[in-house]
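As stored in protein37.txt (compact mmCIF, C-alpha atoms):
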```txt
# COMPACT_ATOMS: atom_id res chain seq x y z
CA MET A 1147 77.84 24.70 54.49
CA LYS A 1148 80.13 27.29 56.02
CA LEU A 1149 82.48 26.26 58.80
CA SER A 1150 81.07 28.86 61.19
CA LYS A 1151 77.58 27.48 60.67
CA ILE A 1152 78.77 23.92 61.32
CA ASN A 1153 80.55 25.18 64.41
CA ARG A 1154 77.42 26.92 65.68
CA ILE A 1155 75.16 23.92 65.03
CA THR A 1156 77.62 21.54 66.67
CA HIS A 1157 77.93 23.76 69.72
CA ARG A 1158 74.18 24.16 69.99
CA ASP A 1159 73.17 20.55 69.56
CA ILE A 1160 75.90 19.00 71.68
CA GLY A 1161 75.26 21.67 74.27
CA TYR A 1162 71.65 20.61 74.56
CA LEU A 1163 72.64 16.96 74.63
CA ILE A 1164 75.08 17.24 77.51
CA ALA A 1165 73.22 19.87 79.55
CA GLY A 1166 71.74 17.33 81.94
CA LEU A 1167 74.96 15.40 82.51
CA THR A 1168 76.94 18.60 83.01
CA ILE A 1169 74.59 19.61 85.79
CA ILE A 1170 74.83 16.13 87.33
CA TYR A 1171 78.61 16.19 87.40
CA ALA A 1172 78.81 19.83 88.46
CA VAL A 1173 76.40 19.53 91.39
CA SER A 1174 77.81 16.21 92.59
CA GLY A 1175 81.32 17.58 92.05
CA ILE A 1176 80.61 20.45 94.44
CA ALA A 1177 79.08 18.03 96.93
CA LEU A 1178 82.05 15.67 96.78
CA ASN A 1179 84.51 18.56 96.88
CA HIS A 1180 83.27 19.38 100.35
CA LYS A 1181 83.11 15.84 101.68
CA ASN A 1182 85.27 16.86 104.62
CA ASP A 1183 82.56 19.30 105.67
CA TRP A 1184 79.58 17.03 105.23
CA ASN A 1185 78.62 13.53 104.12
CA PRO A 1186 77.45 14.05 100.56
CA ASN A 1187 75.72 10.67 100.33
CA TYR A 1188 74.02 10.09 103.66
CA ILE A 1189 72.21 12.05 106.32
CA ILE A 1190 73.31 10.67 109.66
CA ASP A 1191 71.13 11.72 112.59
CA THR A 1192 72.56 10.99 116.01
CA ARG A 1193 70.76 10.93 119.31
CA PRO A 1194 72.70 10.32 122.54
CA PHE A 1195 71.24 8.48 125.49
CA THR A 1196 72.38 6.88 128.75
CA LEU A 1197 71.47 3.48 130.12
CA ASP A 1198 71.39 2.44 133.73
CA LYS A 1199 74.07 -0.28 133.70
CA ASN A 1200 72.42 -2.03 136.63
CA GLU A 1201 69.16 -2.34 134.78
CA TYR A 1202 70.47 -3.90 131.56
CA THR A 1203 72.79 -6.75 130.58
CA LEU A 1204 75.93 -5.16 129.21
CA SER A 1205 78.29 -8.05 129.76
CA ARG A 1206 79.66 -9.70 126.65
CA ASP A 1207 79.28 -13.21 128.01
CA SER A 1208 75.60 -12.91 128.79
CA PHE A 1209 74.51 -10.54 126.04
CA ASP A 1210 71.98 -11.94 123.59
CA ASP A 1211 69.12 -10.94 121.29
CA GLN A 1212 66.74 -10.65 124.19
CA ALA A 1213 69.05 -8.22 125.99
CA ALA A 1214 69.37 -6.22 122.78
CA ARG A 1215 65.61 -6.03 122.34
CA LEU A 1216 65.18 -4.91 125.94
CA ILE A 1217 67.56 -2.02 125.39
CA LEU A 1218 65.93 -1.07 122.13
CA GLY A 1219 62.54 -1.25 123.78
CA GLN A 1220 63.53 1.60 126.06
CA LEU A 1221 64.46 3.62 122.97
CA GLY A 1222 61.27 2.74 121.13
CA LEU A 1223 63.19 0.77 118.52
CA GLU A 1224 62.41 -2.82 119.44
CA ASN A 1225 60.51 -3.50 116.23
CA GLU A 1226 63.45 -2.40 114.13
CA TYR A 1227 65.99 -4.79 115.61
CA LYS A 1228 68.18 -6.80 113.23
CA THR A 1229 71.17 -8.18 115.11
CA TYR A 1230 74.07 -7.17 117.34
CA HIS A 1231 77.85 -7.15 117.19
CA PHE A 1232 79.77 -7.43 120.46
CA PRO A 1233 83.53 -7.70 119.87
CA SER A 1234 86.18 -7.48 122.59
CA GLY A 1235 86.31 -4.12 124.22
CA SER A 1236 83.71 -1.86 125.68
CA LYS A 1237 81.42 -1.25 122.75
CA VAL A 1238 78.37 -3.16 121.59
CA THR A 1239 76.56 -2.30 118.38
CA LEU A 1240 72.89 -3.07 117.87
CA PHE A 1241 71.86 -2.98 114.23
CA ILE A 1242 68.42 -1.66 113.42
CA ASN A 1243 66.61 -0.96 110.17
CA GLY A 1244 68.08 2.22 108.77
CA GLY A 1245 70.80 2.61 111.36
CA LEU A 1246 72.48 1.34 114.47
CA VAL A 1247 72.80 1.88 118.21
CA GLN A 1248 76.23 1.97 119.81
CA ILE A 1249 76.61 1.56 123.55
CA ASN A 1250 79.65 2.00 125.74
CA THR A 1251 79.31 -0.91 128.14
CA GLU A 1252 81.51 0.72 130.78
CA THR A 1253 79.65 3.99 131.06
CA GLY A 1254 76.23 3.06 129.74
CA GLU A 1255 76.37 5.96 127.29
CA GLY A 1256 75.03 5.31 123.88
CA LEU A 1257 74.26 6.82 120.52
CA VAL A 1258 71.44 6.12 118.11
CA GLU A 1259 72.51 6.67 114.51
CA ARG A 1260 69.84 6.86 111.84
CA ILE A 1261 71.27 6.71 108.35
CA SER A 1262 69.28 7.79 105.33
CA LYS A 1263 70.25 8.58 101.77
CA ARG A 1264 70.62 12.28 101.07
CA PRO A 1265 67.90 13.01 98.52
CA VAL A 1266 69.10 13.95 95.03
CA PHE A 1267 72.75 14.12 96.07
CA TYR A 1268 72.95 10.37 96.71
CA GLN A 1269 71.69 9.63 93.22
CA LEU A 1270 73.91 12.25 91.58
CA ASN A 1271 76.98 11.07 93.47
CA PHE A 1272 76.15 7.48 92.58
CA LEU A 1273 76.42 8.40 88.91
CA HIS A 1274 79.50 10.52 89.49
CA TYR A 1275 81.30 7.57 91.07
CA ASN A 1276 80.95 5.42 87.93
CA PRO A 1277 78.58 2.67 88.97
CA GLY A 1278 79.56 0.31 86.19
CA ARG A 1279 81.68 -0.39 83.17
CA TRP A 1280 79.20 0.96 80.64
CA TRP A 1281 78.67 4.14 82.64
CA LYS A 1282 82.43 4.66 82.55
CA TYR A 1283 82.42 4.53 78.75
CA PHE A 1284 79.34 6.72 78.65
CA SER A 1285 80.96 9.34 80.87
CA ASP A 1286 84.13 9.17 78.75
CA LEU A 1287 81.97 10.04 75.76
CA PHE A 1288 80.42 12.88 77.76
CA CYS A 1289 83.90 14.28 78.46
CA ILE A 1290 84.78 14.15 74.77
CA LEU A 1291 81.57 16.02 73.95
CA LEU A 1292 82.39 18.55 76.66
CA VAL A 1293 85.74 19.20 75.04
CA LEU A 1294 83.97 19.58 71.69
CA VAL A 1295 81.49 22.07 73.12
CA THR A 1296 84.33 24.04 74.67
CA ILE A 1297 86.35 24.19 71.46
CA THR A 1298 83.36 25.12 69.31
CA GLY A 1299 82.43 27.74 71.89
CA LEU A 1300 85.78 29.44 71.48
CA PHE A 1301 85.03 30.19 67.86
CA LEU A 1302 81.35 31.10 68.11
CA VAL A 1303 81.72 34.83 68.27
CA LYS A 1304 83.59 36.96 65.78
CA GLY A 1305 84.92 40.46 66.05
CA ARG A 1306 86.27 42.25 69.11
CA ASN A 1307 84.45 39.96 71.52
CA GLY A 1308 85.73 36.85 69.75
CA ILE A 1309 88.69 34.57 70.33
CA THR A 1310 91.21 36.96 68.76
CA LYS A 1311 90.63 39.80 71.23
CA ARG A 1312 88.51 39.69 74.38
CA GLY A 1313 88.11 35.93 74.12
CA ALA A 1314 91.87 35.46 74.00
CA VAL A 1315 92.32 37.36 77.25
CA LEU A 1316 89.62 35.47 79.11
CA THR A 1317 90.81 32.10 77.78
CA ALA A 1318 94.36 32.90 78.80
CA ILE A 1319 93.17 33.78 82.34
CA GLY A 1320 91.33 30.46 82.47
CA ILE A 1321 94.54 28.61 81.61
CA ILE A 1322 96.92 30.66 83.75
CA LEU A 1323 94.87 30.22 86.97
CA PRO A 1324 95.17 26.41 87.16
CA LEU A 1325 98.83 26.68 86.17
CA LEU A 1326 99.35 29.06 89.09
CA PHE A 1327 97.73 26.54 91.44
CA LEU A 1328 100.06 23.88 90.06
CA LEU A 1329 103.04 26.08 90.80
CA ILE A 1330 101.81 26.98 94.28
CA TYR A 1331 100.81 23.49 95.34
CA MET B 1100 20.09 -10.38 54.57
CA VAL B 1101 22.20 -8.96 51.83
CA PHE B 1102 22.51 -5.78 53.87
CA PHE B 1103 23.91 -7.70 56.79
CA GLN B 1104 26.31 -9.58 54.55
CA ILE B 1105 27.58 -6.29 53.18
CA LEU B 1106 27.92 -4.91 56.71
CA GLN B 1107 29.80 -8.02 57.78
CA TYR B 1108 32.08 -7.76 54.78
CA ILE B 1109 32.84 -4.10 55.49
CA PHE B 1110 33.35 -4.73 59.18
CA LEU B 1111 35.52 -7.80 58.64
CA ASP B 1112 37.48 -6.04 55.96
CA ASN B 1113 38.24 -3.17 58.33
CA LEU B 1114 38.99 -5.57 61.13
CA ILE B 1115 41.46 -7.46 58.98
CA ASN B 1116 43.10 -4.20 57.91
CA THR B 1117 43.37 -3.09 61.55
CA ILE B 1118 44.86 -6.42 62.60
CA GLN B 1119 47.38 -6.23 59.77
CA LYS B 1120 48.38 -2.71 60.87
CA LEU B 1121 48.73 -3.85 64.47
CA LEU B 1122 50.89 -6.78 63.42
CA THR B 1123 53.13 -4.52 61.40
CA MET B 1124 53.35 -2.06 64.30
CA ASN B 1125 54.00 -4.84 66.76
CA ARG B 1126 56.75 -6.23 64.56
CA ARG B 1127 58.46 -2.86 64.68
CA ILE B 1128 57.91 -2.57 68.42
CA LEU B 1129 59.14 -6.14 68.83
CA SER B 1130 62.29 -5.34 66.87
CA ILE B 1131 62.94 -2.29 69.03
CA VAL B 1132 62.33 -4.29 72.19
CA LEU B 1133 64.61 -7.11 71.03
CA PHE B 1134 67.32 -4.63 70.10
CA THR B 1135 67.02 -2.93 73.49
CA LEU B 1136 67.17 -6.27 75.25
CA MET B 1137 70.32 -7.14 73.32
CA ILE B 1138 71.97 -3.91 74.39
CA ALA B 1139 70.76 -4.38 77.97
CA SER B 1140 72.13 -7.91 78.10
CA CYS B 1141 75.54 -6.59 77.12
CA ASN B 1142 75.17 -3.87 79.78
CA ASN B 1143 73.94 -6.33 82.37
CA GLN B 1144 77.44 -7.61 82.94
CA GLY B 1145 78.03 -4.56 85.16
CA SER B 1146 77.12 -6.30 88.39
CA LYS B 1147 78.61 -9.61 87.37
CA VAL B 1148 81.86 -8.39 85.89
CA SER B 1149 84.58 -9.01 88.35
CA PRO B 1150 87.67 -6.86 88.59
CA ALA B 1151 89.52 -9.88 89.88
CA LYS B 1152 89.98 -13.24 88.23
CA SER B 1153 90.82 -16.35 90.16
CA GLU B 1154 93.46 -18.82 89.25
CA THR B 1155 91.07 -21.51 88.12
CA ASN B 1156 88.03 -21.37 85.86
CA GLU B 1157 85.87 -23.41 88.22
CA GLY B 1158 82.99 -21.91 90.18
CA PRO B 1159 83.62 -20.18 93.48
CA LEU B 1160 84.68 -22.31 96.42
CA LYS B 1161 82.34 -22.21 99.41
CA VAL B 1162 84.44 -21.62 102.50
CA GLU B 1163 83.55 -21.51 106.16
CA PHE B 1164 84.58 -18.28 107.85
CA ALA B 1165 86.42 -20.22 110.55
CA SER B 1166 88.39 -22.07 107.90
CA LEU B 1167 89.37 -18.77 106.30
CA ILE B 1168 90.55 -17.45 109.67
CA SER B 1169 92.65 -20.53 110.47
CA ASN B 1170 94.30 -20.83 107.06
CA PRO B 1171 93.92 -17.75 104.84
CA ASP B 1172 96.96 -18.65 102.70
CA LYS B 1173 95.14 -21.69 101.41
CA TYR B 1174 92.63 -19.44 99.68
CA MET B 1175 94.98 -16.73 98.41
CA GLY B 1176 94.11 -15.74 94.88
CA LYS B 1177 91.05 -17.99 94.86
CA ASP B 1178 87.47 -17.11 94.11
CA ILE B 1179 85.52 -18.05 97.22
CA VAL B 1180 82.12 -17.58 98.78
CA VAL B 1181 81.94 -16.93 102.49
CA GLU B 1182 79.02 -16.13 104.76
CA GLY B 1183 79.12 -13.48 107.41
CA LYS B 1184 77.37 -10.65 109.17
CA VAL B 1185 77.94 -7.15 107.89
CA VAL B 1186 79.22 -5.04 110.78
CA HIS B 1187 80.41 -1.98 108.92
CA VAL B 1188 79.84 -0.26 105.59
CA CYS B 1189 81.92 2.78 104.82
CA THR B 1190 79.61 5.79 104.70
CA GLU B 1191 82.12 7.91 102.79
CA SER B 1192 83.39 5.87 99.88
CA GLY B 1193 80.79 3.10 100.14
CA LYS B 1194 83.36 0.76 98.65
CA LYS B 1195 84.41 -0.91 101.90
CA LEU B 1196 82.49 -3.46 103.87
CA PHE B 1197 83.44 -5.62 106.84
CA ILE B 1198 81.90 -8.95 107.76
CA VAL B 1199 82.38 -11.25 110.74
CA GLY B 1200 81.68 -14.91 111.32
CA ASP B 1201 81.05 -16.58 114.67
CA ASN B 1202 84.07 -14.79 116.14
CA PRO B 1203 83.08 -11.12 116.43
CA ASP B 1204 86.69 -10.06 116.84
CA VAL B 1205 87.84 -11.15 113.38
CA ARG B 1206 86.60 -9.04 110.51
CA LEU B 1207 87.04 -9.65 106.81
CA TYR B 1208 87.58 -6.58 104.68
CA VAL B 1209 85.59 -6.67 101.44
CA ALA B 1210 86.47 -4.06 98.85
CA ALA B 1211 84.42 -3.16 95.81
CA GLY B 1212 86.48 -2.64 92.69
CA GLU B 1213 86.53 0.25 90.29
CA ASN B 1214 83.67 -1.02 88.16
CA MET B 1215 81.47 -1.97 91.08
CA PRO B 1216 78.76 0.24 92.52
CA LYS B 1217 78.88 1.24 96.15
CA PHE B 1218 77.70 -1.04 98.93
CA PRO B 1219 74.24 -0.01 100.15
CA MET B 1220 73.98 0.99 103.81
CA GLU B 1221 70.98 -1.31 104.10
CA LEU B 1222 73.45 -4.21 104.30
CA LEU B 1223 74.43 -3.18 107.83
CA GLY B 1224 73.54 -5.94 110.23
CA SER B 1225 72.55 -8.34 107.43
CA GLU B 1226 73.76 -11.89 107.00
CA ILE B 1227 75.20 -12.18 103.52
CA SER B 1228 76.99 -14.63 101.25
CA VAL B 1229 79.73 -12.72 99.54
CA GLU B 1230 81.80 -13.91 96.62
CA GLY B 1231 85.21 -12.54 95.83
CA VAL B 1232 88.89 -13.20 95.43
CA ILE B 1233 91.10 -13.34 98.49
CA THR B 1234 94.31 -11.38 98.37
CA ARG B 1235 96.78 -9.75 100.68
CA ILE B 1236 96.63 -5.99 101.19
CA GLY B 1237 99.49 -4.34 99.32
CA GLY B 1238 100.57 -7.51 97.55
CA PRO B 1239 99.87 -8.61 93.99
CA ALA B 1240 96.21 -9.58 93.68
CA THR B 1241 96.60 -12.32 91.11
CA PRO B 1242 99.23 -13.58 88.68
CA LYS B 1243 97.46 -11.61 85.92
CA SER B 1244 99.14 -8.59 84.37
CA GLU B 1245 98.10 -5.01 85.00
CA LYS B 1246 96.55 -4.79 81.56
CA THR B 1247 93.79 -7.17 82.47
CA SER B 1248 92.03 -7.53 85.77
CA GLY B 1249 95.13 -6.75 87.77
CA LYS B 1250 94.68 -3.04 87.16
CA ASN B 1251 91.28 -3.09 88.81
CA ASP B 1252 92.63 -5.22 91.65
CA GLU B 1253 95.14 -2.52 92.40
CA ALA B 1254 92.40 0.09 92.33
CA ALA B 1255 90.39 -1.92 94.83
CA GLN B 1256 93.38 -2.31 97.10
CA LYS B 1257 94.16 1.38 96.86
CA GLN B 1258 90.60 2.03 97.91
CA GLY B 1259 91.42 0.12 101.06
CA MET B 1260 94.40 2.34 101.73
CA SER B 1261 92.53 5.59 101.14
CA ASP B 1262 92.44 8.37 103.63
CA ASP B 1263 89.02 7.66 105.13
CA SER B 1264 90.19 5.15 107.74
CA CYS B 1265 87.69 4.47 110.50
CA GLU B 1266 87.31 2.74 113.82
CA THR B 1267 86.60 -0.62 112.22
CA GLU B 1268 89.76 -0.45 110.14
CA THR B 1269 91.72 0.49 113.24
CA ALA B 1270 90.24 -2.46 115.11
CA MET B 1271 90.96 -4.74 112.17
CA ALA B 1272 94.60 -3.78 112.16
CA GLY B 1273 94.93 -5.23 115.65
CA GLN B 1274 93.07 -8.49 115.06
CA ALA B 1275 94.81 -11.84 115.31
CA SER B 1276 93.85 -13.06 111.87
CA LEU B 1277 92.84 -11.60 108.48
CA ALA B 1278 94.33 -8.22 109.41
CA ASP B 1279 96.20 -8.04 106.11
CA ILE B 1280 93.64 -9.91 104.02
CA ILE B 1281 91.18 -8.33 101.61
CA MET B 1282 88.42 -9.84 99.56
CA LEU B 1283 87.99 -8.26 96.14
CA TYR B 1284 84.24 -8.22 95.79
CA ARG B 1285 82.34 -9.91 92.96
CA SER B 1286 78.78 -10.31 94.16
CA HIS B 1287 76.67 -10.96 97.21
CA THR B 1288 73.31 -12.30 98.23
CA VAL B 1289 71.44 -11.41 101.39
CA LYS B 1290 70.37 -14.45 103.37
```
Spit out the file's structure as structure tokens when you get a sec.
Amino acid sequence: MKLSKINRITHRDIGYLIAGLTIIYAVSGIALNHKNDWNPNYIIDTRPFTLDKNEYTLSRDSFDDQAARLILGQLGLENEYKTYHFPSGSKVTLFINGGLVQINTETGEGLVERISKRPVFYQLNFLHYNPGRWWKYFSDLFCILLVLVTITGLFLVKGRNGITKRGAVLTAIGIILPLLFLLIY
Amino acid sequence: MVFFQILQYIFLDNLINTIQKLLTMNRRILSIVLFTLMIASCNNQGSKVSPAKSETNEGPLKVEFASLISNPDKYMGKDIVVEGKVVHVCTESGKKLFIVGDNPDVRLYVAAGENMPKFPMELLGSEISVEGVITRIGGPATPKSEKTSGKNDEAAQKQGMSDDSCETETAMAGQASLADIIMLYRSHTVK
């Protein structure tokens, strides 16, 4: 079999094989790239509120589960109560199913935080972060196949649009750009 | 009578042939299932594989949180189990978790290693038993070399020193005990 045919078959078949994983890593890569702009894994909904300090127990010494439930009752969250954490300082945290409620005991101001997994992105990012040893080896294999697809792709086309002419220019641009970034940064 | 005997013979003959085919098919299916189970059992070490190894080969030592607070050096490098309430899970990396005991002002930092999946947010507010190896932040995790588990210990510690510091970490830095202690996570159970 001719080398060009082997090259084409390899590129085609490995391309199909890694299509799904490439999309997973690409989409989650974009999401994680912008993690300073958004939380790629969780949707965090916040709702501020204010408590009348005279009406509720906000003292650390006398705070208990009952006091927590009373506060949550006003917010309609009594049935979702788990526990509370009241360290030194002016903040008490009430843990609820799927989130938490933080209250400033000095001002009575509080915030309800509901935390939910960001659909699709959570799952993609989970895979991107290497959830286990075997996934690490699997993703290493994926990277090797990606390199193979890239190299076979360079030699797919012959003639003036191939690697010796137009392809050479575009490939060189693709190498020079990251080198420029390296020099700049 | 003869007719029925012939019918029975034909029917039984077909039935036996069908059963034989099913057995053959099932043997193949059984082989595939067994093979898959073998592969899965090798893969199943993901959640149990620990990035950190303790000094002894005995099971984990069950330790009271208060005992850990009063004498953390006693448990340095050891594989322990401690119970606590989860008060914070990092929403960014998901690899950091903080638990407290009876004293709400003393938090224990639990870090998931490189090969560990992220901590689920559902753990917030839960009472858990967490197993891991106690080490000091920034110091050598265990006497092991970098080529073995030590490399993953360093990765876990580096996770703790990553850029996404938060309020809980800030509070932990000022606490009287366990401020420089980290538990390298192995496993947990929710109580």
- request: Using all atoms listed in the file, collect all residues at a distance of at most 8 Å from (78.4, 31.2, 66.4) as written in the file, then present them as a list in words.
  value: Ser1150, Lys1151, Asn1153, Arg1154, Gly1299, Phe1301, Leu1302, Val1303 and Lys1304 of chain A
Residue list for chain B near chain A as a PyMOL selection string, 6 Å, all atoms listed in the file: chain B and resi 1145+1203-1204+1214-1216+1224
field: Interatomic distance (Å, one decimal) between atom CA of A:Leu1291 and atom CA of A:Gly1305
entry: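 For atom CA of A:Leu1291 relative to atom CA of A:Gly1305, the distance reads 25.9 Å.
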task: May I have the protein, DNA and RNA residues with any atom at most 12 Å from the point (83.3, -19.3, 104.3), counting only C-alpha atoms, written as a PyMOL selection string?
output: chain B and resi 1159-1171+1174+1178-1184+1198-1201+1207+1227-1231+1233+1282
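When atom CA of B:Ala1272 is paired with atom CA of B:Tyr1208, their separation reads 10.6 Å.
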message: Just want the 7 Å neighbourhood of A:Lys1237, counted on all atoms listed in the file, with same-chain residues fewer than 4 positions away dropped. Output as a PyMOL selection string.
response: chain A and resi 1232+1248-1251
Computed interatomic separation between atom CA of B:Gly1176 and atom CA of B:Leu1277 (Å):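 Atom CA of B:Gly1176 sits 14.3 Å away from atom CA of B:Leu1277.
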